[in-house]
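Structure file final18.txt (compact mmCIF, C-alpha atoms) follows.
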# COMPACT_ATOMS: atom_id res chain seq x y z
CA MET A 1 -2.72 5.22 5.33
CA ALA A 2 -5.00 4.08 2.52
CA PRO A 3 -5.13 6.15 -0.70
CA ILE A 4 -8.87 6.84 -0.81
CA ASP A 5 -9.05 10.47 -1.93
CA ASP A 6 -9.09 9.72 -5.65
CA VAL A 7 -11.75 6.98 -5.64
CA ASP A 8 -15.04 7.71 -7.41
CA PHE A 9 -17.49 6.39 -4.82
CA GLY A 10 -20.44 6.34 -7.19
CA SER A 11 -19.01 4.33 -10.07
CA VAL A 12 -17.19 1.30 -8.66
CA VAL A 13 -20.04 -0.99 -7.60
CA PRO A 14 -22.23 -3.15 -9.88
CA LEU A 15 -25.91 -2.31 -9.45
CA ASN A 16 -26.98 -5.77 -8.28
CA THR A 17 -24.25 -5.80 -5.63
CA TRP A 18 -25.37 -2.36 -4.46
CA VAL A 19 -28.97 -3.56 -4.17
CA LEU A 20 -27.97 -6.76 -2.36
CA ILE A 21 -25.83 -5.06 0.28
CA SER A 22 -28.34 -2.24 0.71
CA ASN A 23 -30.97 -4.86 1.54
CA PHE A 24 -28.63 -6.39 4.12
CA LYS A 25 -28.15 -2.97 5.68
CA LEU A 26 -31.89 -2.36 5.79
CA ALA A 27 -32.42 -5.71 7.48
CA TYR A 28 -29.79 -4.97 10.14
CA ASN A 29 -31.36 -1.59 10.85
CA LEU A 30 -34.70 -3.32 11.40
CA LEU A 31 -33.16 -5.92 13.70
CA ARG A 32 -31.20 -3.61 16.03
CA ARG A 33 -33.18 -1.81 18.72
CA ALA A 34 -32.23 1.56 20.22
CA ASP A 35 -32.01 0.05 23.71
CA GLY A 36 -29.17 -2.24 22.61
CA THR A 37 -31.26 -5.38 22.23
CA PHE A 38 -31.70 -7.39 19.04
CA ASN A 39 -34.77 -8.90 17.39
CA ARG A 40 -33.45 -12.45 17.19
CA GLU A 41 -36.79 -13.96 16.10
CA LEU A 42 -36.94 -11.71 13.04
CA ALA A 43 -33.27 -12.39 12.33
CA GLU A 44 -33.86 -16.15 12.31
CA PHE A 45 -36.86 -15.66 10.00
CA LEU A 46 -34.82 -13.59 7.52
CA ASP A 47 -31.75 -15.81 7.69
CA ARG A 48 -31.51 -17.96 4.59
CA LYS A 49 -31.06 -21.62 5.49
CA VAL A 50 -29.04 -23.64 2.99
CA PRO A 51 -29.08 -27.45 3.27
CA ALA A 52 -25.70 -28.91 4.12
CA ASN A 53 -23.76 -30.64 1.36
CA THR A 54 -22.09 -33.64 2.98
CA ILE A 55 -20.19 -34.59 -0.17
CA PRO A 56 -16.59 -33.32 -0.11
CA VAL A 57 -15.58 -31.05 -2.99
CA ASP A 58 -12.15 -31.91 -4.39
CA GLY A 59 -11.33 -33.60 -1.10
CA ALA A 60 -12.28 -30.59 1.03
CA VAL A 61 -15.02 -30.24 3.64
CA VAL A 62 -16.43 -26.85 4.68
CA VAL A 63 -17.60 -26.55 8.28
CA SER A 64 -19.77 -23.52 9.07
CA VAL A 65 -19.88 -22.65 12.77
CA ASN A 66 -23.24 -21.62 14.22
CA TYR A 67 -21.64 -19.66 17.05
CA ARG A 68 -23.61 -17.90 19.76
CA ARG A 69 -24.32 -14.26 18.94
CA SER A 70 -24.40 -11.05 20.89
CA PRO A 71 -25.98 -9.20 22.57
CA GLU A 72 -27.55 -12.31 24.12
CA HIS A 73 -24.12 -13.97 24.31
CA ARG A 74 -21.24 -11.55 24.77
CA PHE A 75 -17.48 -12.01 24.73
CA PRO A 76 -15.99 -14.63 24.80
CA CYS A 77 -18.86 -16.89 23.69
CA ALA A 78 -18.19 -16.66 19.94
CA TYR A 79 -14.49 -17.42 20.47
CA ASP A 80 -15.29 -20.37 22.74
CA ASP A 81 -17.67 -21.78 20.12
CA GLY A 82 -15.06 -21.35 17.38
CA TRP A 83 -12.52 -23.15 19.54
CA ALA A 84 -14.96 -25.98 20.25
CA ALA A 85 -15.65 -26.34 16.52
CA LEU A 86 -11.92 -26.47 15.72
CA LYS A 87 -11.31 -29.19 18.31
CA TRP A 88 -14.30 -31.16 16.97
CA VAL A 89 -12.97 -30.98 13.40
CA LYS A 90 -9.46 -32.01 14.47
CA SER A 91 -10.88 -35.05 16.31
CA ARG A 92 -12.84 -36.47 13.36
CA VAL A 93 -11.12 -39.57 11.99
CA TRP A 94 -13.12 -39.36 8.76
CA LEU A 95 -11.57 -35.94 8.05
CA GLN A 96 -8.00 -37.22 8.22
CA SER A 97 -5.80 -36.88 5.17
CA GLY A 98 -5.29 -39.89 2.96
CA LYS A 99 -1.52 -39.30 3.22
CA ASP A 100 -1.28 -39.41 7.02
CA SER A 101 -3.40 -39.31 10.16
CA LYS A 102 -3.65 -35.52 10.33
CA VAL A 103 -6.69 -33.30 9.83
CA TYR A 104 -5.57 -30.27 7.83
CA VAL A 105 -7.48 -27.11 8.64
CA TYR A 106 -7.76 -23.63 7.18
CA MET A 107 -9.95 -21.10 8.94
CA ALA A 108 -11.75 -18.33 7.09
CA GLY A 109 -14.16 -15.58 7.95
CA ASP A 110 -15.41 -12.22 6.80
CA SER A 111 -16.06 -9.22 9.07
CA SER A 112 -16.79 -10.56 12.57
CA GLY A 113 -15.92 -14.05 11.30
CA GLY A 114 -12.43 -12.81 10.47
CA ASN A 115 -12.09 -11.45 13.99
CA ILE A 116 -13.17 -14.80 15.44
CA ALA A 117 -10.75 -16.71 13.20
CA HIS A 118 -7.84 -14.62 14.50
CA HIS A 119 -8.65 -15.19 18.16
CA VAL A 120 -9.29 -18.91 17.68
CA ALA A 121 -5.96 -19.17 15.83
CA VAL A 122 -4.17 -17.51 18.76
CA ARG A 123 -5.65 -20.06 21.16
CA ALA A 124 -4.75 -22.90 18.80
CA ALA A 125 -1.15 -21.71 18.63
CA GLU A 126 -0.97 -21.41 22.41
CA GLU A 127 -2.25 -24.98 22.83
CA ASP A 128 -0.17 -26.42 19.97
CA VAL A 129 -3.13 -27.24 17.73
CA GLU A 130 -2.06 -26.97 14.10
CA VAL A 131 -3.94 -24.65 11.75
CA LEU A 132 -2.43 -24.31 8.29
CA GLY A 133 -3.75 -20.85 7.48
CA ASN A 134 -6.17 -18.02 8.20
CA ILE A 135 -8.16 -16.29 5.45
CA LEU A 136 -9.61 -12.99 6.71
CA LEU A 137 -11.92 -10.91 4.51
CA HIS A 138 -12.21 -7.31 5.74
CA PRO A 139 -11.95 -8.54 9.36
CA LEU A 140 -13.77 -6.55 12.02
CA PHE A 141 -11.17 -4.82 14.19
CA GLY A 142 -11.16 -1.38 15.74
CA GLY A 143 -10.04 0.83 18.60
CA GLU A 144 -10.84 3.95 20.55
CA LYS A 145 -9.06 6.40 18.24
CA ARG A 146 -10.72 7.48 15.00
CA THR A 147 -8.65 6.74 11.93
CA GLU A 148 -8.51 8.66 8.66
CA SER A 149 -10.50 6.04 6.75
CA GLU A 150 -13.18 5.97 9.43
CA LYS A 151 -13.64 9.73 9.24
CA LYS A 152 -13.53 9.93 5.43
CA LEU A 153 -15.73 6.92 4.66
CA ASP A 154 -18.25 7.20 7.49
CA GLY A 155 -21.70 6.83 5.91
CA LYS A 156 -20.41 6.98 2.35
CA TYR A 157 -20.79 3.33 1.58
CA PHE A 158 -23.35 1.21 3.45
CA VAL A 159 -21.62 1.34 6.84
CA ARG A 160 -21.62 4.03 9.51
CA LEU A 161 -19.33 4.33 12.51
CA GLN A 162 -22.33 4.36 14.82
CA ASP A 163 -23.25 0.90 13.47
CA ARG A 164 -19.80 -0.49 14.19
CA ASP A 165 -19.76 1.13 17.62
CA TRP A 166 -23.12 -0.54 18.36
CA TYR A 167 -21.70 -3.94 17.44
CA TRP A 168 -18.85 -3.54 19.90
CA ARG A 169 -21.10 -2.31 22.70
CA ALA A 170 -23.28 -5.37 22.10
CA PHE A 171 -20.34 -7.80 22.16
CA LEU A 172 -17.70 -6.55 24.60
CA PRO A 173 -18.06 -7.01 28.36
CA GLU A 174 -20.12 -4.31 30.05
CA GLY A 175 -18.06 -1.19 30.66
CA GLU A 176 -15.26 -2.10 28.22
CA ASP A 177 -14.07 0.18 25.41
CA ARG A 178 -12.86 -0.58 21.89
CA ASP A 179 -9.24 -0.99 23.01
CA HIS A 180 -10.25 -4.32 24.52
CA PRO A 181 -8.02 -7.04 22.95
CA ALA A 182 -11.04 -8.62 21.27
CA CYS A 183 -11.48 -5.47 19.19
CA ASN A 184 -7.89 -4.20 19.05
CA PRO A 185 -5.61 -7.27 19.17
CA PHE A 186 -2.39 -5.29 18.68
CA GLY A 187 -3.52 -2.33 20.76
CA PRO A 188 -2.36 -1.16 24.19
CA ARG A 189 -3.82 -4.23 25.94
CA GLY A 190 -3.20 -6.74 23.15
CA LYS A 191 -1.66 -10.15 23.70
CA SER A 192 1.78 -10.69 22.16
CA ILE A 193 2.02 -13.50 19.61
CA VAL A 194 5.78 -13.13 19.10
CA GLY A 195 7.29 -16.61 19.02
CA LEU A 196 3.95 -18.38 18.66
CA LYS A 197 3.49 -20.89 15.85
CA PHE A 198 0.66 -18.79 14.43
CA PRO A 199 -0.75 -19.86 11.05
CA LYS A 200 0.09 -17.96 7.91
CA SER A 201 -2.54 -15.38 7.00
CA LEU A 202 -4.17 -13.97 3.89
CA VAL A 203 -5.88 -10.66 4.71
CA CYS A 204 -8.18 -9.05 2.14
CA VAL A 205 -8.76 -5.33 2.65
CA ALA A 206 -11.35 -3.39 0.65
CA GLY A 207 -10.40 0.16 -0.23
CA LEU A 208 -13.93 1.45 0.41
CA ASP A 209 -14.28 -0.19 3.83
CA LEU A 210 -14.16 2.45 6.54
CA LEU A 211 -12.31 -0.02 8.82
CA GLN A 212 -9.45 -0.52 6.37
CA ASP A 213 -6.94 1.40 8.52
CA TRP A 214 -7.54 -1.00 11.40
CA GLN A 215 -7.16 -3.97 9.05
CA LEU A 216 -3.89 -2.58 7.71
CA GLU A 217 -2.69 -2.07 11.28
CA TYR A 218 -3.56 -5.71 11.92
CA VAL A 219 -1.39 -6.79 8.99
CA GLU A 220 1.49 -4.67 10.34
CA GLY A 221 0.97 -6.18 13.79
CA LEU A 222 1.38 -9.68 12.34
CA LYS A 223 4.53 -8.64 10.52
CA LYS A 224 6.06 -7.03 13.61
CA SER A 225 5.28 -10.22 15.52
CA GLY A 226 7.31 -12.23 13.02
CA GLN A 227 4.30 -13.93 11.46
CA ASP A 228 3.74 -14.84 7.81
CA VAL A 229 1.03 -12.63 6.27
CA LYS A 230 -0.01 -11.65 2.77
CA LEU A 231 -2.08 -8.53 2.15
CA LEU A 232 -4.57 -8.34 -0.72
CA TYR A 233 -5.57 -4.68 -0.98
CA LEU A 234 -8.35 -3.98 -3.47
CA LYS A 235 -8.55 -0.20 -3.85
CA GLU A 236 -12.02 0.09 -5.39
CA ALA A 237 -13.71 -2.80 -3.56
CA THR A 238 -16.10 -2.51 -0.67
CA ILE A 239 -17.60 -4.81 1.91
CA GLY A 240 -19.43 -7.78 0.42
CA PHE A 241 -17.93 -7.50 -3.07
CA TYR A 242 -17.59 -11.30 -3.11
CA PHE A 243 -21.32 -11.95 -2.63
CA LEU A 244 -21.83 -12.01 -6.39
CA PRO A 245 -19.33 -13.15 -9.05
CA ASN A 246 -19.90 -10.06 -11.18
CA ASN A 247 -16.69 -8.12 -10.69
CA ASP A 248 -12.95 -8.51 -11.20
CA HIS A 249 -12.34 -8.26 -7.46
CA PHE A 250 -14.28 -11.49 -6.92
CA TYR A 251 -12.12 -13.44 -9.36
CA CYS A 252 -8.94 -11.87 -8.00
CA LEU A 253 -9.85 -12.98 -4.48
CA MET A 254 -10.75 -16.51 -5.59
CA LYS A 255 -7.37 -16.85 -7.29
CA GLU A 256 -5.52 -15.55 -4.23
CA ILE A 257 -7.35 -17.99 -1.95
CA ASN A 258 -6.66 -20.87 -4.34
CA ASP A 259 -2.95 -20.01 -4.48
CA PHE A 260 -2.80 -19.51 -0.71
CA VAL A 261 -4.27 -22.92 0.05
CA ASN A 262 -2.54 -24.86 -2.70
CA SER A 263 0.90 -23.55 -1.77
CA ASP A 264 0.86 -26.22 0.95
CA CYS A 265 -0.04 -29.06 -1.40

Go ahead and express the file in the form of structure tokens.
Amino acid sequence: MAPIDDVDFGSVVPLNTWVLISNFKLAYNLLRRADGTFNRELAEFLDRKVPANTIPVDGAVVVSVNYRRSPEHRFPCAYDDGWAALKWVKSRVWLQSGKDSKVYVYMAGDSSGGNIAHHVAVRAAEEDVEVLGNILLHPLFGGEKRTESEKKLDGKYFVRLQDRDWYWRAFLPEGEDRDHPACNPFGPRGKSIVGLKFPKSLVCVAGLDLLQDWQLEYVEGLKKSGQDVKLLYLKEATIGFYFLPNNDHFYCLMKEINDFVNSDC
């Protein structure tokens, strides 16, 4: 259980971060329709397009996956697209290490991207495709029960439970509930990963994220499955704290990611 009772909700967030995330929330509220559909044309108009940089940085290449999105494309489309992207990366000769003929891959994602990274990593482990590590930033997991952090933080900081519930209704197969393995990987219908060569994980949990209890349960699920996982719990951070480099949490996370990746060098 996360210690959230003694956090001052009104004093932990830089103003420009608050404005930035509030604008994101406003945009999402404009895009989602009450009937469960999504204004994809407006979403594409608002989505900032950044030209690709094809020049490797310190020998690394970042591949951003333009996976299919719900509600137009439900489960398992996003996972299938992530898997296709991983296989494409692993097959590129020009991405091979200068030391040997391998392509070394880390997967990373925040929110739904963290969820996708987990499920793609499971498939990779099952099919003996090597992934060196997973970096999950407040990954989007959940379940049917309501946790303490969900009840205490609902609506207090950008995110409401009804928003998260909408996301799952838009993504999961028709008629499914939030104990579906896509949402609750270590829940009653979850797939065991005991004995799998699953990549090591770095999981960042924000202390003001209402889904933190589910993220902490995910970390415990990895541990109980015998997998290597490191938890970075930032008590006074919230979703999106890494959007702007104006807080100590940002620099803490960057250092943890650097150490996590370079431990294999």

Shell around segment 122-137 of chain A at 10 Å using all atoms listed in the file, local window under 2 positions removed, as JSON, numbers by chain: {"A": [79, 80, 83, 86, 87, 90, 102, 103, 104, 105, 106, 107, 108, 109, 110, 111, 112, 113, 114, 115, 116, 117, 118, 119, 120, 139, 140, 191, 192, 193, 195, 196, 197, 198, 199, 200, 201, 202, 203, 204, 205, 206, 215, 228, 229, 230, 231, 232, 239, 240, 242, 253, 257, 260, 261, 264]}

Choose the residue, out of A:Asp163, A:Arg33, A:Ser97, A:Leu26, that has the smallest atom-to-atom separation from Gly59 of chain A; count all atoms listed in the file. A:Ser97

Interatomic distance, atom CA of Asp213 of chain A to atom CA of Thr147 of chain A (Å, one decimal):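 Interatomic distance, atom CA of Asp213 of chain A to atom CA of Thr147 of chain A: 6.6 Å.
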
For atom CA of Asp209 of chain A and atom CA of Gln162 of chain A, quote the distance in Å rounded to one decimal.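 Between atom CA of Asp209 of chain A and atom CA of Gln162 of chain A the gap is 14.4 Å.
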
Using all atoms listed in the file, find the one residue out of A:Cys183, A:Phe241, A:Gly98, A:Lys224 that sits nearest to Val19 of chain A. A:Phe241

Atomic distance atom CA of Phe38 of chain A - atom CA of Asn66 of chain A, expressed in Å with one decimal: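 Between atom CA of Phe38 of chain A and atom CA of Asn66 of chain A the gap is 17.2 Å.
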
Please identify all polymer residues within 8 Å of Lys152 of chain A, counting all atoms listed in the file, omitting same-chain residues fewer than 3 positions from it, and present them as a list in words.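 The residues satisfying every condition are Glu148, Ser149 and Leu210 of chain A.
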
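The smallest atom-to-atom distance between Ala237 of chain A and any of A:Tyr157, A:Trp94, A:Tyr218, A:Phe186, using all atoms listed in the file, is found for A:Tyr157.
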
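Take the candidates A:Ala52, A:Glu72, A:Val65, A:Arg164 and check each one against Asn39 of chain A using only C-alpha atoms; the shortest distance goes to A:Glu72.
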